[in-house]
Structure formats: C-alpha cells, structure tokens
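Below is target_30.pdb, which holds PDB, C-alpha atoms, pLDDT in the B column.
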ATOM      1  CA  MET A  19     127.369 125.017 -13.661  1.00 77.00           C
ATOM      2  CA  ASP A  20     129.581 126.246 -10.808  1.00 81.00           C
ATOM      3  CA  ILE A  21     126.640 127.917  -9.064  1.00 85.00           C
ATOM      4  CA  LEU A  22     124.511 124.784  -9.379  1.00 89.00           C
ATOM      5  CA  LEU A  23     127.248 122.543  -7.917  1.00 86.00           C
ATOM      6  CA  LEU A  24     127.913 125.023  -5.092  1.00 85.00           C
ATOM      7  CA  THR A  25     124.219 125.269  -4.268  1.00 89.00           C
ATOM      8  CA  LEU A  26     123.799 121.494  -4.293  1.00 92.00           C
ATOM      9  CA  ALA A  27     126.901 121.071  -2.108  1.00 91.00           C
ATOM     10  CA  ILE A  28     125.589 123.550   0.460  1.00 92.00           C
ATOM     11  CA  VAL A  29     122.170 121.867   0.491  1.00 93.00           C
ATOM     12  CA  CYS A  30     123.872 118.478   0.930  1.00 93.00           C
ATOM     13  CA  ILE A  31     125.919 119.784   3.865  1.00 93.00           C
ATOM     14  CA  ILE A  32     122.825 121.168   5.600  1.00 93.00           C
ATOM     15  CA  VAL A  33     120.798 117.994   4.988  1.00 91.00           C
ATOM     16  CA  GLY A  34     123.800 115.892   6.036  1.00 93.00           C
ATOM     17  CA  ILE A  35     124.154 117.667   9.368  1.00 93.00           C
ATOM     18  CA  VAL A  36     120.409 117.441  10.022  1.00 90.00           C
ATOM     19  CA  GLY A  37     120.562 113.778   8.973  1.00 88.00           C
ATOM     20  CA  ALA A  38     123.206 113.138  11.607  1.00 87.00           C
ATOM     21  CA  VAL A  39     120.475 113.587  14.202  1.00 82.00           C
ATOM     22  CA  LEU A  40     117.352 112.435  12.359  1.00 77.00           C
ATOM     23  CA  PRO A  41     117.401 108.700  11.674  1.00 72.00           C
ATOM     24  CA  MET A  42     115.331 108.962   8.495  1.00 74.00           C
ATOM     25  CA  LEU A  43     117.966 110.996   6.657  1.00 79.00           C
ATOM     26  CA  PRO A  44     121.284 109.389   5.708  1.00 86.00           C
ATOM     27  CA  GLY A  45     123.497 112.149   7.134  1.00 89.00           C
ATOM     28  CA  PRO A  46     127.046 110.964   6.400  1.00 93.00           C
ATOM     29  CA  PRO A  47     126.403 109.861   2.786  1.00 94.00           C
ATOM     30  CA  VAL A  48     124.681 113.157   1.994  1.00 94.00           C
ATOM     31  CA  SER A  49     127.560 115.131   3.550  1.00 93.00           C
ATOM     32  CA  TYR A  50     129.973 113.005   1.545  1.00 94.00           C
ATOM     33  CA  ALA A  51     128.032 113.790  -1.624  1.00 94.00           C
ATOM     34  CA  ALA A  52     128.715 117.486  -0.957  1.00 93.00           C
ATOM     35  CA  LEU A  53     132.438 116.811  -1.034  1.00 91.00           C
ATOM     36  CA  TRP A  54     132.072 114.988  -4.363  1.00 92.00           C
ATOM     37  CA  LEU A  55     130.103 117.923  -5.760  1.00 91.00           C
ATOM     38  CA  MET A  56     132.967 120.231  -4.797  1.00 89.00           C
ATOM     39  CA  TRP A  57     135.415 117.875  -6.481  1.00 88.00           C
ATOM     40  CA  TRP A  58     133.322 117.870  -9.670  1.00 87.00           C
ATOM     41  CA  ARG A  59     133.263 121.645  -9.544  1.00 84.00           C
ATOM     42  CA  ASP A  60     137.050 121.875  -9.288  1.00 80.00           C
ATOM     43  CA  PRO A  61     139.183 118.756  -8.698  1.00 79.00           C
ATOM     44  CA  SER A  62     142.073 120.895  -7.447  1.00 79.00           C
ATOM     45  CA  GLU A  63     139.979 122.075  -4.453  1.00 82.00           C
ATOM     46  CA  VAL A  64     139.411 118.600  -2.952  1.00 84.00           C
ATOM     47  CA  SER A  65     142.150 115.998  -3.117  1.00 87.00           C
ATOM     48  CA  THR A  66     141.531 112.430  -4.158  1.00 89.00           C
ATOM     49  CA  MET A  67     143.103 111.343  -0.870  1.00 92.00           C
ATOM     50  CA  ALA A  68     140.535 113.425   1.045  1.00 90.00           C
ATOM     51  CA  LEU A  69     137.750 111.734  -0.908  1.00 91.00           C
ATOM     52  CA  TRP A  70     139.143 108.285  -0.074  1.00 94.00           C
ATOM     53  CA  ILE A  71     139.686 109.023   3.623  1.00 94.00           C
ATOM     54  CA  THR A  72     136.284 110.635   4.139  1.00 94.00           C
ATOM     55  CA  GLY A  73     134.651 107.836   2.120  1.00 94.00           C
ATOM     56  CA  VAL A  74     136.180 105.149   4.321  1.00 95.00           C
ATOM     57  CA  LEU A  75     135.180 107.104   7.435  1.00 94.00           C
ATOM     58  CA  MET A  76     131.628 107.358   6.106  1.00 94.00           C
ATOM     59  CA  VAL A  77     131.408 103.585   5.655  1.00 94.00           C
ATOM     60  CA  VAL A  78     132.823 103.031   9.148  1.00 93.00           C
ATOM     61  CA  LEU A  79     130.241 105.455  10.577  1.00 91.00           C
ATOM     62  CA  LEU A  80     127.381 103.729   8.781  1.00 87.00           C
ATOM     63  CA  VAL A  81     128.449 100.333  10.084  1.00 87.00           C
ATOM     64  CA  ALA A  82     129.031 101.692  13.603  1.00 86.00           C
ATOM     65  CA  ASP A  83     125.634 103.389  13.572  1.00 82.00           C
ATOM     66  CA  TYR A  84     124.016  99.956  13.356  1.00 75.00           C
ATOM     67  CA  LEU A  85     126.464  97.842  15.327  1.00 80.00           C
ATOM     68  CA  VAL A  86     127.299 100.027  18.344  1.00 82.00           C
ATOM     69  CA  PRO A  87     123.731 100.191  19.713  1.00 77.00           C
ATOM     70  CA  ILE A  88     123.267  96.447  19.222  1.00 74.00           C
ATOM     71  CA  TRP A  89     126.640  95.701  20.783  1.00 80.00           C
ATOM     72  CA  LEU A  90     126.096  97.928  23.828  1.00 79.00           C
ATOM     73  CA  THR A  91     122.559  96.661  24.339  1.00 76.00           C
ATOM     74  CA  LYS A  92     123.752  93.050  24.197  1.00 75.00           C
ATOM     75  CA  LYS A  93     126.736  93.868  26.427  1.00 79.00           C
ATOM     76  CA  GLY A  94     124.262  95.089  29.017  1.00 78.00           C
ATOM     77  CA  GLY A  95     122.284  91.863  28.690  1.00 80.00           C
ATOM     78  CA  GLY A  96     119.503  93.488  26.693  1.00 80.00           C
ATOM     79  CA  SER A  97     116.925  91.657  24.672  1.00 82.00           C
ATOM     80  CA  ARG A  98     115.817  92.053  21.069  1.00 83.00           C
ATOM     81  CA  GLN A  99     112.750  93.899  22.391  1.00 88.00           C
ATOM     82  CA  ALA A 100     115.037  96.540  23.928  1.00 86.00           C
ATOM     83  CA  GLU A 101     116.738  97.104  20.573  1.00 81.00           C
ATOM     84  CA  ARG A 102     113.420  97.427  18.796  1.00 84.00           C
ATOM     85  CA  GLY A 103     112.029  99.595  21.571  1.00 86.00           C
ATOM     86  CA  ALA A 104     114.942 102.019  21.256  1.00 82.00           C
ATOM     87  CA  THR A 105     114.316 102.343  17.530  1.00 81.00           C
ATOM     88  CA  VAL A 106     110.577 102.875  17.993  1.00 86.00           C
ATOM     89  CA  GLY A 107     111.287 105.354  20.796  1.00 86.00           C
ATOM     90  CA  LEU A 108     113.614 107.311  18.556  1.00 79.00           C
ATOM     91  CA  ILE A 109     111.036 107.506  15.759  1.00 83.00           C
ATOM     92  CA  ILE A 110     108.239 108.543  18.115  1.00 88.00           C
ATOM     93  CA  GLY A 111     110.620 110.983  19.805  1.00 84.00           C
ATOM     94  CA  LEU A 112     111.020 112.855  16.518  1.00 78.00           C
ATOM     95  CA  PHE A 113     107.572 114.334  17.052  1.00 86.00           C
ATOM     96  CA  PHE A 114     108.529 115.799  20.438  1.00 85.00           C
ATOM     97  CA  GLY A 115     111.501 117.958  19.535  1.00 79.00           C
ATOM     98  CA  ILE A 116     114.929 117.721  21.076  1.00 77.00           C
ATOM     99  CA  TRP A 117     113.635 116.160  24.304  1.00 82.00           C
ATOM    100  CA  GLY A 118     111.889 113.473  22.323  1.00 83.00           C
ATOM    101  CA  LEU A 119     115.087 112.740  20.431  1.00 76.00           C
ATOM    102  CA  LEU A 120     117.031 112.467  23.664  1.00 78.00           C
ATOM    103  CA  LEU A 121     114.503 110.561  25.760  1.00 85.00           C
ATOM    104  CA  GLY A 122     112.822 108.479  23.033  1.00 85.00           C
ATOM    105  CA  PRO A 123     115.559 105.822  22.625  1.00 83.00           C
ATOM    106  CA  PHE A 124     115.961 105.523  26.391  1.00 87.00           C
ATOM    107  CA  LEU A 125     112.245 105.152  27.097  1.00 91.00           C
ATOM    108  CA  GLY A 126     111.766 102.833  24.128  1.00 89.00           C
ATOM    109  CA  ALA A 127     114.568 100.519  25.267  1.00 88.00           C
ATOM    110  CA  LEU A 128     113.221 100.619  28.825  1.00 91.00           C
ATOM    111  CA  VAL A 129     109.720  99.664  27.731  1.00 92.00           C
ATOM    112  CA  GLY A 130     111.086  96.999  25.388  1.00 89.00           C
ATOM    113  CA  GLU A 131     113.182  95.427  28.108  1.00 89.00           C
ATOM    114  CA  LEU A 132     110.282  95.529  30.570  1.00 91.00           C
ATOM    115  CA  LEU A 133     108.082  93.832  27.961  1.00 90.00           C
ATOM    116  CA  ALA A 134     110.747  91.120  27.806  1.00 87.00           C
ATOM    117  CA  LYS A 135     109.978  90.559  31.494  1.00 87.00           C
ATOM    118  CA  SER A 136     113.302  91.856  32.787  1.00 86.00           C
ATOM    119  CA  PRO A 137     113.592  93.334  36.275  1.00 89.00           C
ATOM    120  CA  LEU A 138     113.447  97.132  36.462  1.00 89.00           C
ATOM    121  CA  ARG A 139     117.119  97.436  37.453  1.00 89.00           C
ATOM    122  CA  LYS A 140     118.264  95.464  34.403  1.00 87.00           C
ATOM    123  CA  ALA A 141     115.849  97.352  32.142  1.00 88.00           C
ATOM    124  CA  LEU A 142     117.260 100.680  33.358  1.00 90.00           C
ATOM    125  CA  LYS A 143     120.812  99.484  32.726  1.00 88.00           C
ATOM    126  CA  VAL A 144     119.978  98.328  29.201  1.00 87.00           C
ATOM    127  CA  ALA A 145     118.077 101.547  28.448  1.00 87.00           C
ATOM    128  CA  SER A 146     121.023 103.621  29.687  1.00 89.00           C
ATOM    129  CA  LEU A 147     123.444 101.724  27.456  1.00 87.00           C
ATOM    130  CA  SER A 148     121.107 102.145  24.499  1.00 82.00           C
ATOM    131  CA  PHE A 149     120.985 105.876  25.202  1.00 82.00           C
ATOM    132  CA  VAL A 150     124.787 106.093  25.422  1.00 86.00           C
ATOM    133  CA  ALA A 151     125.092 104.277  22.083  1.00 84.00           C
ATOM    134  CA  PHE A 152     122.640 106.725  20.504  1.00 82.00           C
ATOM    135  CA  LEU A 153     124.617 109.700  21.817  1.00 85.00           C
ATOM    136  CA  GLN A 154     127.932 108.237  20.645  1.00 88.00           C
ATOM    137  CA  THR A 155     126.852 107.447  17.110  1.00 87.00           C
ATOM    138  CA  THR A 156     124.905 110.684  16.726  1.00 88.00           C
ATOM    139  CA  GLY A 157     127.869 112.686  18.001  1.00 92.00           C
ATOM    140  CA  LEU A 158     130.242 110.974  15.594  1.00 92.00           C
ATOM    141  CA  LYS A 159     127.898 111.524  12.643  1.00 92.00           C
ATOM    142  CA  LEU A 160     127.467 115.167  13.632  1.00 93.00           C
ATOM    143  CA  LEU A 161     131.221 115.632  13.916  1.00 95.00           C
ATOM    144  CA  TYR A 162     131.694 114.028  10.490  1.00 95.00           C
ATOM    145  CA  GLY A 163     129.110 116.373   8.967  1.00 93.00           C
ATOM    146  CA  ILE A 164     130.741 119.419  10.529  1.00 94.00           C
ATOM    147  CA  VAL A 165     134.220 118.391   9.344  1.00 94.00           C
ATOM    148  CA  LEU A 166     132.919 117.916   5.807  1.00 93.00           C
ATOM    149  CA  ALA A 167     131.119 121.274   6.029  1.00 93.00           C
ATOM    150  CA  VAL A 168     134.435 122.907   6.923  1.00 91.00           C
ATOM    151  CA  MET A 169     136.104 121.131   3.985  1.00 91.00           C
ATOM    152  CA  VAL A 170     133.391 122.373   1.610  1.00 88.00           C
ATOM    153  CA  VAL A 171     133.665 125.938   2.946  1.00 86.00           C
ATOM    154  CA  MET A 172     137.442 125.799   2.525  1.00 86.00           C
ATOM    155  CA  ALA A 173     136.972 124.570  -1.060  1.00 80.00           C
ATOM    156  CA  ILE A 174     134.693 127.517  -1.778  1.00 77.00           C
TER     157      ILE A 174
END
Written as structure tokens, that's how I'd like the structure from this file.
Amino acid sequence: MDILLLTLAIVCIIVGIVGAVLPMLPGPPVSYAALWLMWWRDPSEVSTMALWITGVLMVVLLVADYLVPIWLTKKGGGSRQAERGATVGLIIGLFFGIWGLLLGPFLGALVGELLAKSPLRKALKVASLSFVAFLQTTGLKLLYGIVLAVMVVMAI
C-alpha cells in the first residue's frame, strides 16, 4: 500500500505542477491531493496544521486564479470581450508551445478589446494587464506546486 500511495503522490505532484501552467488541469488541487496521500501513508510525516494551511492557500489560489485577471482587466477599463479573448487565446496558445502560452492570453485580450471597438492604445493596455494577471496567477500556482513537491519529497 505504501508503494501505491507514494506512486500516486508523485504522479499528483507532477500533474499538479504541469496543471499550474495548463488551464485544463486543476494544478493546486492535484498537488494538494499528493500531500493528503502522504498523510494517509503516514500521518506523522505531514502535520494536520500543514494540511490546513496548504488547503486554505489552495482555495485562495483557486479564487485568485479567477478574480485577479477579471479585476486587472476591469481596472484597465477592459471589456467582457477582452476577458473572453484572453481565455480563448490561452486555450489556442496551448497548441503553440511555450510561446503560445505566453502570447495567447495577450493576443486574445487584444483582439477581444479591439472587437469591442476600443482604440488600439486602450486595447494594448488591457491586453498587457491581462498578460500580467496570467503571469501572476500562473507563477503563484507554480510556486505552490513546487512547495508541495518539496513537502512530499521531505515526507518520503
């Protein structure tokens, strides 16, 4: 049973870190599941307090992942089309490797804002803020996944 839990925890950590970047995979919850698997394996290796703290952080990250891009886009005066465009750009960007992931949300928000009949200067500002939001939330999710990976490795 130990080997099964260890294997599942390692798979969860890998999928969780990949999911921090890919929007179709729920990175933080999968990383958090790895910590639970380690706790089930041996409760003395992962404290209950660590489970609570990382669980609360996971919920905060999930909420921030949705709210930060909307907030920054609105703060920049962006339209609903810019928000949708950033999401579509991110999904399409998945098919173009790392550059697609980086440029997709920016280009999608730019196109969305231009479709909303905004001037180019405003559209560029909104697209830049959307891109910054993407980088912030992705970076935080990646950091969370790495911290949980370190916790799992230390528990092993």
Per-axis box centre and lengths in Å around region 74-79 of chain A, 3 Å margin per side, axis-aligned, as lines of an AutoDock Vina configuration file:
center_x = 133.2
center_y = 105.2
center_z = 7.4
size_x = 11.9
size_y = 10.3
size_z = 12.3
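Our summary of the geometry notes that CA of Ala127 (chain A) is positioned 28.9 Å from CA of Ile164 (chain A).
Shortest separation to Glu101 (chain A) among A:Gly45, A:Gly157, A:Pro123, A:Gly163 occurs at residue A:Pro123, atoms counted being all atoms listed in the file.
Interatomic distance, CA of Pro137 (chain A) to CA of Gln99 (chain A): 13.9 Å.
Taking CA of Met76 (chain A) and CA of Leu23 (chain A) as endpoints, the distance between them is 21.1 Å.
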Checklist entry - Near Met19 (chain A), within 12 Å and counting all atoms listed in the file, which residues show up once chain neighbours fewer than 3 positions away are dropped, as a ChimeraX atom specification? => result /A:22-26,55-56,58-60
Next on the checklist: Could you list, as a count of residues only, every residue within 9 Å of region 61-65 of chain A, counting only C-alpha atoms and ignoring same-chain residues fewer than 2 positions away?
Outcome noted: 15
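With only C-alpha atoms as the atoms that count, the minimum distance from Leu120 (chain A) to the choices A:Val168, A:Leu40, A:Ile32, A:Arg98 is reached by A:Leu40.
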Next on the checklist: Taking the file as I've supplied it (selection: the PyMOL selection byres ((chain A and resi 37) around 10)), which residues are included? Please answer as a ChimeraX atom specification.
Outcome noted: /A:30-36,38-49,156,159-160,163
Any chance you could export the current selection's C-alpha atoms as a PDB file, keeping the file's coordinate frame?
ATOM      1  CA  CYS A  30     123.872 118.478   0.930  1.00 93.00           C
ATOM      2  CA  ILE A  31     125.919 119.784   3.865  1.00 93.00           C
ATOM      3  CA  ILE A  32     122.825 121.168   5.600  1.00 93.00           C
ATOM      4  CA  VAL A  33     120.798 117.994   4.988  1.00 91.00           C
ATOM      5  CA  GLY A  34     123.800 115.892   6.036  1.00 93.00           C
ATOM      6  CA  ILE A  35     124.154 117.667   9.368  1.00 93.00           C
ATOM      7  CA  VAL A  36     120.409 117.441  10.022  1.00 90.00           C
ATOM      8  CA  ALA A  38     123.206 113.138  11.607  1.00 87.00           C
ATOM      9  CA  VAL A  39     120.475 113.587  14.202  1.00 82.00           C
ATOM     10  CA  LEU A  40     117.352 112.435  12.359  1.00 77.00           C
ATOM     11  CA  PRO A  41     117.401 108.700  11.674  1.00 72.00           C
ATOM     12  CA  MET A  42     115.331 108.962   8.495  1.00 74.00           C
ATOM     13  CA  LEU A  43     117.966 110.996   6.657  1.00 79.00           C
ATOM     14  CA  PRO A  44     121.284 109.389   5.708  1.00 86.00           C
ATOM     15  CA  GLY A  45     123.497 112.149   7.134  1.00 89.00           C
ATOM     16  CA  PRO A  46     127.046 110.964   6.400  1.00 93.00           C
ATOM     17  CA  PRO A  47     126.403 109.861   2.786  1.00 94.00           C
ATOM     18  CA  VAL A  48     124.681 113.157   1.994  1.00 94.00           C
ATOM     19  CA  SER A  49     127.560 115.131   3.550  1.00 93.00           C
ATOM     20  CA  THR A 156     124.905 110.684  16.726  1.00 88.00           C
ATOM     21  CA  LYS A 159     127.898 111.524  12.643  1.00 92.00           C
ATOM     22  CA  LEU A 160     127.467 115.167  13.632  1.00 93.00           C
ATOM     23  CA  GLY A 163     129.110 116.373   8.967  1.00 93.00           C
TER      24      GLY A 163
END
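With only C-alpha atoms as the atoms that count, the residue of A:Ile21, A:Val129, A:Ala151, A:Ala52 with the shortest distance to Val165 (chain A) is A:Ala52.
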Next on the checklist: Applying the PyMOL selection byres ((chain A and resi 85-87) around 9) to the file I just gave you, which residues come out? Please list them as number ranges by chain.
Outcome noted: A: 80-84, 88-92, 101, 147-152, 154-155
Coordinates of region 60-155 of chain A, C-alpha atoms, as a compact mmCIF listing (two decimals), in the first residue's frame:
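The resulting file, part_3.txt, is shown below:
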# COMPACT_ATOMS: atom_id res chain seq x y z
CA ASP A 60 1.99 8.03 7.37
CA PRO A 61 0.20 10.75 9.37
CA SER A 62 3.39 11.51 11.30
CA GLU A 63 5.12 12.68 8.08
CA VAL A 64 2.66 15.51 7.30
CA SER A 65 1.15 17.54 10.11
CA THR A 66 -2.53 18.35 10.30
CA MET A 67 -1.56 22.02 10.52
CA ALA A 68 0.33 21.72 7.21
CA LEU A 69 -2.76 20.19 5.62
CA TRP A 70 -4.93 23.05 6.88
CA ILE A 71 -2.52 25.81 5.83
CA THR A 72 -1.88 24.37 2.37
CA GLY A 73 -5.62 23.70 1.95
CA VAL A 74 -6.51 27.31 2.72
CA LEU A 75 -3.75 28.51 0.38
CA MET A 76 -5.13 26.25 -2.35
CA VAL A 77 -8.60 27.76 -2.01
CA VAL A 78 -7.13 31.28 -2.07
CA LEU A 79 -5.17 30.40 -5.22
CA LEU A 80 -8.24 28.99 -6.95
CA VAL A 81 -10.26 32.11 -6.17
CA ALA A 82 -7.39 34.41 -7.18
CA ASP A 83 -6.92 32.49 -10.43
CA TYR A 84 -10.39 33.60 -11.49
CA LEU A 85 -10.63 37.01 -9.84
CA VAL A 86 -7.21 38.56 -10.50
CA PRO A 87 -7.47 38.51 -14.31
CA ILE A 88 -11.01 39.90 -14.18
CA TRP A 89 -10.00 42.55 -11.66
CA LEU A 90 -6.92 43.68 -13.59
CA THR A 91 -8.77 43.69 -16.90
CA LYS A 92 -11.57 45.79 -15.41
CA LYS A 93 -9.05 48.05 -13.66
CA GLY A 94 -7.57 48.77 -17.07
CA GLY A 95 -11.02 49.57 -18.43
CA GLY A 96 -11.30 46.30 -20.32
CA SER A 97 -14.48 44.85 -21.69
CA ARG A 98 -16.05 41.42 -21.29
CA GLN A 99 -14.76 40.61 -24.79
CA ALA A 100 -11.19 41.17 -23.58
CA GLU A 101 -11.70 38.69 -20.74
CA ARG A 102 -13.15 36.11 -23.08
CA GLY A 103 -10.47 36.80 -25.67
CA ALA A 104 -7.72 36.17 -23.12
CA THR A 105 -9.27 32.83 -22.22
CA VAL A 106 -9.67 31.81 -25.87
CA GLY A 107 -6.12 32.99 -26.58
CA LEU A 108 -4.78 30.88 -23.75
CA ILE A 109 -6.58 27.76 -25.00
CA ILE A 110 -5.45 28.29 -28.59
CA GLY A 111 -1.95 29.10 -27.33
CA LEU A 112 -1.69 25.61 -25.83
CA PHE A 113 -1.17 24.25 -29.32
CA PHE A 114 1.84 26.50 -29.95
CA GLY A 115 4.12 25.55 -27.09
CA ILE A 116 5.57 27.94 -24.56
CA TRP A 117 5.30 30.95 -26.88
CA GLY A 118 1.64 30.22 -27.42
CA LEU A 119 1.09 30.03 -23.68
CA LEU A 120 2.83 33.35 -23.18
CA LEU A 121 1.41 35.26 -26.14
CA GLY A 122 -2.04 33.64 -26.38
CA PRO A 123 -3.71 35.50 -23.47
CA PHE A 124 -2.19 38.80 -24.58
CA LEU A 125 -3.24 38.45 -28.21
CA GLY A 126 -6.66 37.11 -27.24
CA ALA A 127 -7.34 40.06 -24.92
CA LEU A 128 -6.07 42.46 -27.58
CA VAL A 129 -8.35 41.03 -30.24
CA GLY A 130 -11.27 40.92 -27.81
CA GLU A 131 -10.82 44.55 -26.84
CA LEU A 132 -10.47 45.60 -30.47
CA LEU A 133 -13.68 43.72 -31.27
CA ALA A 134 -15.31 45.79 -28.52
CA LYS A 135 -14.38 48.81 -30.65
CA SER A 136 -11.76 50.18 -28.26
CA PRO A 137 -8.89 52.31 -29.53
CA LEU A 138 -5.61 50.46 -30.10
CA ARG A 139 -3.87 52.20 -27.18
CA LYS A 140 -6.57 51.10 -24.73
CA ALA A 141 -6.65 47.59 -26.21
CA LEU A 142 -2.88 47.28 -25.72
CA LYS A 143 -3.17 48.45 -22.12
CA VAL A 144 -5.94 45.96 -21.36
CA ALA A 145 -4.07 43.13 -23.10
CA SER A 146 -0.92 43.94 -21.11
CA LEU A 147 -2.84 43.85 -17.82
CA SER A 148 -4.44 40.56 -18.81
CA PHE A 149 -0.99 39.17 -19.56
CA VAL A 150 0.37 40.37 -16.20
CA ALA A 151 -2.56 38.71 -14.41
CA PHE A 152 -1.87 35.45 -16.25
CA LEU A 153 1.81 35.56 -15.26
CA GLN A 154 0.98 36.37 -11.63
CA THR A 155 -1.55 33.61 -11.12
